[in-house]
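Engineer: Before we start, here is the structure in question, set down as structure tokens.
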4 protein chains.
Amino acid sequence: MAGNTIGNIFKLTTFGESHGPAIGGVIDGCPANITIDVDLIQRELDRRKPGQSNISTERKEEDQVEILSGIFEGKTLGTPIGFIIRNKDQRSKDYGDIKDVYRPSHADYVYQEKYGIRDYRGGGRSSARETACRVVAGAIAKQILTVKGIKITAFVSQIGDLELTDDYLDVDLSKIEDNVVRCPSAELAEEMIALISKVKEEGDSLGGMIHCVVGNPVIGLGEPVFDRLNADLAKAMFSINTVKGFELGSGFRSVSMRGSEHNDEFLVENGEVHTKTNYSGGIQGGISNGQHIYFNVGFKPVATISKAQNTVNVEGKSIQINVEGRHDACVVPRAVPIVEAMTAITILDHLLRLQTVQLK
Amino acid sequence: MAGNTIGNIFKLTTFGESHGPAIGGVIDGCPANITIDVDLIQRELDRRKPGQSNISTERKEEDQVEILSGIFEGKTLGTPIGFIIRNKDQRSKDYGDIKDVYRPSHADYVYQEKYGIRDYRGGGRSSARETACRVVAGAIAKQILTVKGIKITAFVSQIGDLELTDDYLDVDLSKIEDNVVRCPSAELAEEMIALISKVKEEGDSLGGMIHCVVGNPVIGLGEPVFDRLNADLAKAMFSINTVKGFELGSGFRSVSMRGSEHNDEFLVENGEVHTKTNYSGGIQGGISNGQHIYFNVGFKPVATISKAQNTVNVEGKSIQINVEGRHDACVVPRAVPIVEAMTAITILDHLLRLQTVQLK
Amino acid sequence: MAGNTIGNIFKLTTFGESHGPAIGGVIDGCPANITIDVDLIQRELDRRKPGQSNISTERKEEDQVEILSGIFEGKTLGTPIGFIIRNKDQRSKDYGDIKDVYRPSHADYVYQEKYGIRDYRGGGRSSARETACRVVAGAIAKQILTVKGIKITAFVSQIGDLELTDDYLDVDLSKIEDNVVRCPSAELAEEMIALISKVKEEGDSLGGMIHCVVGNPVIGLGEPVFDRLNADLAKAMFSINTVKGFELGSGFRSVSMRGSEHNDEFLVENGEVHTKTNYSGGIQGGISNGQHIYFNVGFKPVATISKAQNTVNVEGKSIQINVEGRHDACVVPRAVPIVEAMTAITILDHLLRLQTVQLK
Amino acid sequence: MAGNTIGNIFKLTTFGESHGPAIGGVIDGCPANITIDVDLIQRELDRRKPGQSNISTERKEEDQVEILSGIFEGKTLGTPIGFIIRNKDQRSKDYGDIKDVYRPSHADYVYQEKYGIRDYRGGGRSSARETACRVVAGAIAKQILTVKGIKITAFVSQIGDLELTDDYLDVDLSKIEDNVVRCPSAELAEEMIALISKVKEEGDSLGGMIHCVVGNPVIGLGEPVFDRLNADLAKAMFSINTVKGFELGSGFRSVSMRGSEHNDEFLVENGEVHTKTNYSGGIQGGISNGQHIYFNVGFKPVATISKAQNTVNVEGKSIQINVEGRHDACVVPRAVPIVEAMTAITILDHLLRLQTVQLK
């Protein structure tokens, strides 16, 4: 039983190999009669695409989305939204050398073992190119969430060991897009860029961290006991390539805290219930409490490096490989729109689920 | 759309409030014709139950499981396995004082807001008592995984700031059940017990960390692109009460590593493909590669403390509460069988999903 | 992947073998904060139970439902509703003779072949006893539909070749419960009862037809292109034991009609859109149009008969069997509450699905 | 919660409006490593397309399928198979006149009421054009079923009141494609063609019946108690436009039969268990027993006719309409490949479900 669908009411199914004719997706369950700006979808895709700067890969994929259904005269029909992105810059000759070899920490080996076959060209289905489809769906979800006043913002808080120590409440979130690494601190961004350039020259790669904030969430999102909002966010983030860690609110720091310190006391302000602190990260008992939802997503360094590595080939022989080609030394800045997209899809799905809790 | 089911083929649905007549569950999709030892189920339940030691709550719930269907003459029928656990020690008078007040960092407030009603007795559905049902299903899943030689082991690696720094490969996993905190280091366990006793006396609570290892996993578990094995493990862990963080393999440490350092080189030993290192935590591209799967689960300190706290009542008035009653200062040791159960359920579900990838 | 759950938002999972400790079910996704009369549930169960009259089987099962969760102080909590019905009158000795033989047109053979094991006592999971759980869920669904003014009524329109030829609009639906065969025509009911008695004496069995009407349905129920309301009703009916046919509105009669005759012209009455005729049976394009929904469900004669029959045993040898025991010659009257229950479950599920089509 | 996906393991999601850029679909869960002949897919599509003969609509849509993913070097990858069919012959001016009016027995009204918006061009999502996507998926499913020796054959058994009275066992199934109405009797086919031509000239439409047979099915298909094979077949058939009735095996005839007559006695032939008769239609207790599965599907006359009709417009005013354009007087012959496709999808889905019943 395959797993290319996420969501229960707002459901995204994606398809496509990186070097086949196209990648694409279908969104089923998008609410009807909502105005969608298709240009905004393309703009989000542009945030994710390779070749945005000289620290990114030089492939100039255009990643042009074509909406095939579900939107009519600028509005959602309530019918499935089908879309495709053609694969243009395929140059499959770059990948011929990996047809018979398993790249370390890549998915070549496990795909071959699981399916008994694989599209060896550039990662095929396991390529992060697939995430472009998520950005399309996320861009639609974001526009719908905007109707309810919900805003999702992610940024890079760490590259390698360069870490932004400020809390998200203390940084200027409007500055995120001012630099190519999507870090709200201009100075740290400079350092990060320098580090990525250096590591790129070494033929190596870097990990990083993304911090994401959901502003003005509706109260009541999340379906205990299994489909808690935090559980579904954790899954959504771990469905992104190269993610190794997820923590909500106080996260792993909470492990060494006391309950009396960690509990978020309730108080009333202007007739509304708030919490004094927000260690919970906006979710209690798996359900949003109306406070900001915030979390960290940790990314390992990408597996594709230019350095020589030892590995085995499909015949089980030890060999050394040198992977040529154009690759990002650090994909974390490009993952910012992906994190936002997966968050938006998850939040919207739960918003629609919430609509079924009471009989209308 | 509610969320009380987990799994896609091996599916567990649970029901029950902590102070209603019973909690229980239904497992649908359990493979047929497999021998199940019902006593082993009860033994797992006993690992989770309150009152195992004097550092735990003194409630002496018996947590006796009754299997109602799906097992006949000691074997699974392939039909749904229904089971219940009666709620015996209800003493609902203990909870009358919280009928009209929202306990800080508890789910009282969000349940009331989401559903417009709540069973205020002892947390109702949001009580961790529900996890007993997961332990039942996990005990069945474990027995089935044993047929395939797969073994799941979890232990406490941290309580408060007392941290086991050894790698799981360097500790003796057979010692876990030797002490009430389920830490394989006897000395550290002593310290942890002392710390919990101290904090209990203070009326406060403690967080902790559980480390879990899946030994001898089948290759090929996990369904990209969304239902990756790591994504489903992350969700399963975050579906447990009080979990705040999850990291696989190298986890958040990977953020500051280089690709050349982090990549797990393949090598061949005795004709079998292995990896030299295992930073991946046994999962690449969302699919198990046959190496050990290991991960950390971080738990916040439980919200129930005896200290006075400020909060609001259902009428939106600020008040101070003192929650009386018998509570664990640290639930992490009792969460060990729950982590194992959720892991077993997730692994078995993916094992059965794998059976559909090839036409037989 | 098993199939013991029906519904997508209002979801019923059932469990239990006919001669195990209990049968039961879990309803997940029941809307919160709705008043439920538990006595009405029991009353619906009583309509289904065996032994209601001397034409029915003489087993006096009490079929007492126990609600275990999800209803608190008379209202739904929005949490799963778990319930069980103990199996009391088990007399498993009656069934020892069928342990090693496959009864013709029963499920013994296919269960053994599919699962490699079966509970041979009285049909086990394949027994129609399981439908009692559906009646429980249906009784809850009905009460919720009543809030929206939707009323579901089924009756027996044929037993053997005794057929009620009147349209449902021309019979008095208040008379259905006046006789044990649940036929609104008193005279025909007399004949049916006589026929059943005669056939019972012969040790044979009879089929029949149930007609069901959904009054005052909401417009918009049904989710094209696959989960059309008619498709889900068809599935729900065919999930009932011994059903062999389903037709909506004009049904098979429409095959020989012309479009000009069959089309339901729209007209406006008191500002509301209606159709002049209702050959569509209240559903167009898979979506309810607000007119009555009505359909026929055809039941074959039950397989359990007292006459001698040829068959094979588990060793593949031809043998003759004489099934002893207490059985209904015609189960169709007892299937009336089951048809109503499955209809109610389906309609309520779609009512809740409809609540997600527009962003609220 | 929308409903554009069918299947649980072999899952088809379709998208597309009849006059948008394209229709298409995604198959998730297709078994890996199976050879697929793409030409056979196109040939099935050609069986469904309009304009095959002069009794069909004159629209010459090419219905050219483009496979976008999931098939590599002629074999399935186990990844999702995405495909599209461009809408070429759109002529949307033909449909401008129905923008503001609800055609009788069409889905215009219910779509507008349900979604608050509709693509009024030619039926939009409610157009039967969507079924072309099912034929694509069905053509893939058929090729996979062929590997297991399972063969699905459907034919027209009735048009209007012209009825083929022979049993499927007594007709030559190899003759079905010999005539444009897909009736295996050449003489009856002549009469049917004449009838359709006559009714077409009158501007009216005709219903019909399709009989479908699954040859050589595997034993064990079907998942009680809800996802019985018959229940899922009933749903699959009722998900096809204009279907009004479904009956399995003896169907509605069984209503007036006795159990002693209807029961299918088991016997042993060459060491294999068979049934002497097959009133059950190859399914007992919801599970296939290895005998032929056969069923009838009844289609009403299509709603699109050229005769003047009374109806209402979007402002609720009564008006008369004359729908111009090119339409089929009888779609039943073109529905034959659709019935086969939906059957193949359902059977394959259950074949894969069966693979999870036993632990391998």
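In the structure tokens, chains take the letters A, B, ... in the order shown, each chain's residues start at 1, and ligands count up from 1 in the order shown.
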Write out as a list of chain:residue names all residues of range 51-163 of chain B that DSSP puts in strand (DSSP E) for this structure's backbone.
Structural biologist: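 Taking range 51-163 of chain B and keeping strand (DSSP E) gives B:Val65, B:Glu66, B:Ile67, B:Ile71, B:Phe72, B:Lys75, B:Thr76, B:Ile81, B:Gly82, B:Phe83, B:Ile84, B:Ile85, B:Arg86, B:Lys151, B:Ile152, B:Thr153, B:Ala154, B:Phe155, B:Val156, B:Ser157, B:Gln158, B:Ile159, B:Leu162, B:Glu163.
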Engineer: Using only C-alpha atoms and a cut-off of 6 Å, which residues of chain A sit close to chain B? Please list them as JSON, numbers by chain.
Structural biologist: {"A": [1, 2, 3, 4, 104, 105, 107, 110, 114, 160, 161, 204, 205, 206, 207, 208, 220, 223, 224, 225, 226, 227, 231, 234, 235, 238, 239, 244, 245, 246, 247, 248, 251, 252, 254, 255, 256, 258, 259, 263, 264, 265, 266, 267, 284, 285, 289, 298, 299, 300, 301, 303, 310, 311, 312, 353, 356]}
Engineer: Fewer than 6 positions away in the same chain doesn't count, so skip those; otherwise give me all residues within 9 Å of Gly138 in chain A, counting only C-alpha atoms, as a ChimeraX atom specification.
Structural biologist: /A:41,44,337-338,340-345
Engineer: Could you please write out, as a ChimeraX atom specification, every residue of range 137-356 of chain B that DSSP assigns to alpha helix (DSSP H)?
Structural biologist: /B:137-147,186-201,229-238,259-262,332-354
Engineer: Figure out the distance between CA of Ile117 in chain D and CA of Leu77 in chain A, please, to one decimal in Å.
Structural biologist: 6.2 Å
Engineer: Between CA of Phe10 in chain B and CA of Ser174 in chain B, what is the spacing in Å?
Structural biologist: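 Calculated distance between CA of Ser174 in chain B and CA of Phe10 in chain B is 28.7 Å.
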Engineer: Find the residues near Gly74 in chain C: any atom within 8 Å, counting only C-alpha atoms, skip ones fewer than 2 places away on the same chain, and give them as a PyMOL selection string.
Structural biologist: chain C and resi 35-37+71-72+76
Engineer: How about saving the chosen residues, all heavy atoms kept, as a compact mmCIF listing (two decimals), in the first residue's frame?
Structural biologist:
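The result, written out as result.txt:
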```txt
# COMPACT_ATOMS: atom_id res chain seq x y z
N THR C 35 -27.81 15.24 22.09
CA THR C 35 -28.51 14.40 23.05
C THR C 35 -28.86 13.05 22.43
O THR C 35 -29.40 13.00 21.32
CB THR C 35 -29.80 15.10 23.51
OG1 THR C 35 -29.43 16.36 24.11
CG2 THR C 35 -30.56 14.26 24.52
N ILE C 36 -28.51 11.99 23.12
CA ILE C 36 -28.81 10.63 22.65
C ILE C 36 -29.64 9.91 23.70
O ILE C 36 -29.28 9.90 24.88
CB ILE C 36 -27.50 9.84 22.39
CG1 ILE C 36 -26.68 10.48 21.28
CG2 ILE C 36 -27.80 8.36 22.07
CD1 ILE C 36 -27.31 10.45 19.90
N ASP C 37 -30.74 9.32 23.26
CA ASP C 37 -31.57 8.52 24.14
C ASP C 37 -31.14 7.06 23.99
O ASP C 37 -31.39 6.42 22.96
CB ASP C 37 -33.04 8.71 23.72
CG ASP C 37 -33.99 7.94 24.63
OD1 ASP C 37 -33.55 7.02 25.35
OD2 ASP C 37 -35.20 8.26 24.62
N ILE C 71 -20.45 8.90 25.36
CA ILE C 71 -21.70 9.56 25.75
C ILE C 71 -21.60 9.85 27.24
O ILE C 71 -21.29 8.96 28.03
CB ILE C 71 -22.94 8.69 25.43
CG1 ILE C 71 -23.01 8.46 23.92
CG2 ILE C 71 -24.22 9.34 25.94
CD1 ILE C 71 -24.18 7.60 23.45
N PHE C 72 -21.81 11.09 27.60
CA PHE C 72 -21.60 11.54 28.98
C PHE C 72 -22.77 12.43 29.37
O PHE C 72 -23.08 13.39 28.67
CB PHE C 72 -20.27 12.31 29.06
CG PHE C 72 -19.94 12.87 30.41
CD1 PHE C 72 -19.84 12.04 31.52
CD2 PHE C 72 -19.69 14.23 30.57
CE1 PHE C 72 -19.50 12.56 32.78
CE2 PHE C 72 -19.35 14.76 31.81
CZ PHE C 72 -19.26 13.92 32.92
N THR C 76 -23.39 13.28 23.43
CA THR C 76 -22.17 12.81 22.78
C THR C 76 -21.02 13.75 23.12
O THR C 76 -21.18 14.97 23.17
CB THR C 76 -22.34 12.78 21.25
OG1 THR C 76 -22.69 14.09 20.80
CG2 THR C 76 -23.40 11.78 20.82
```
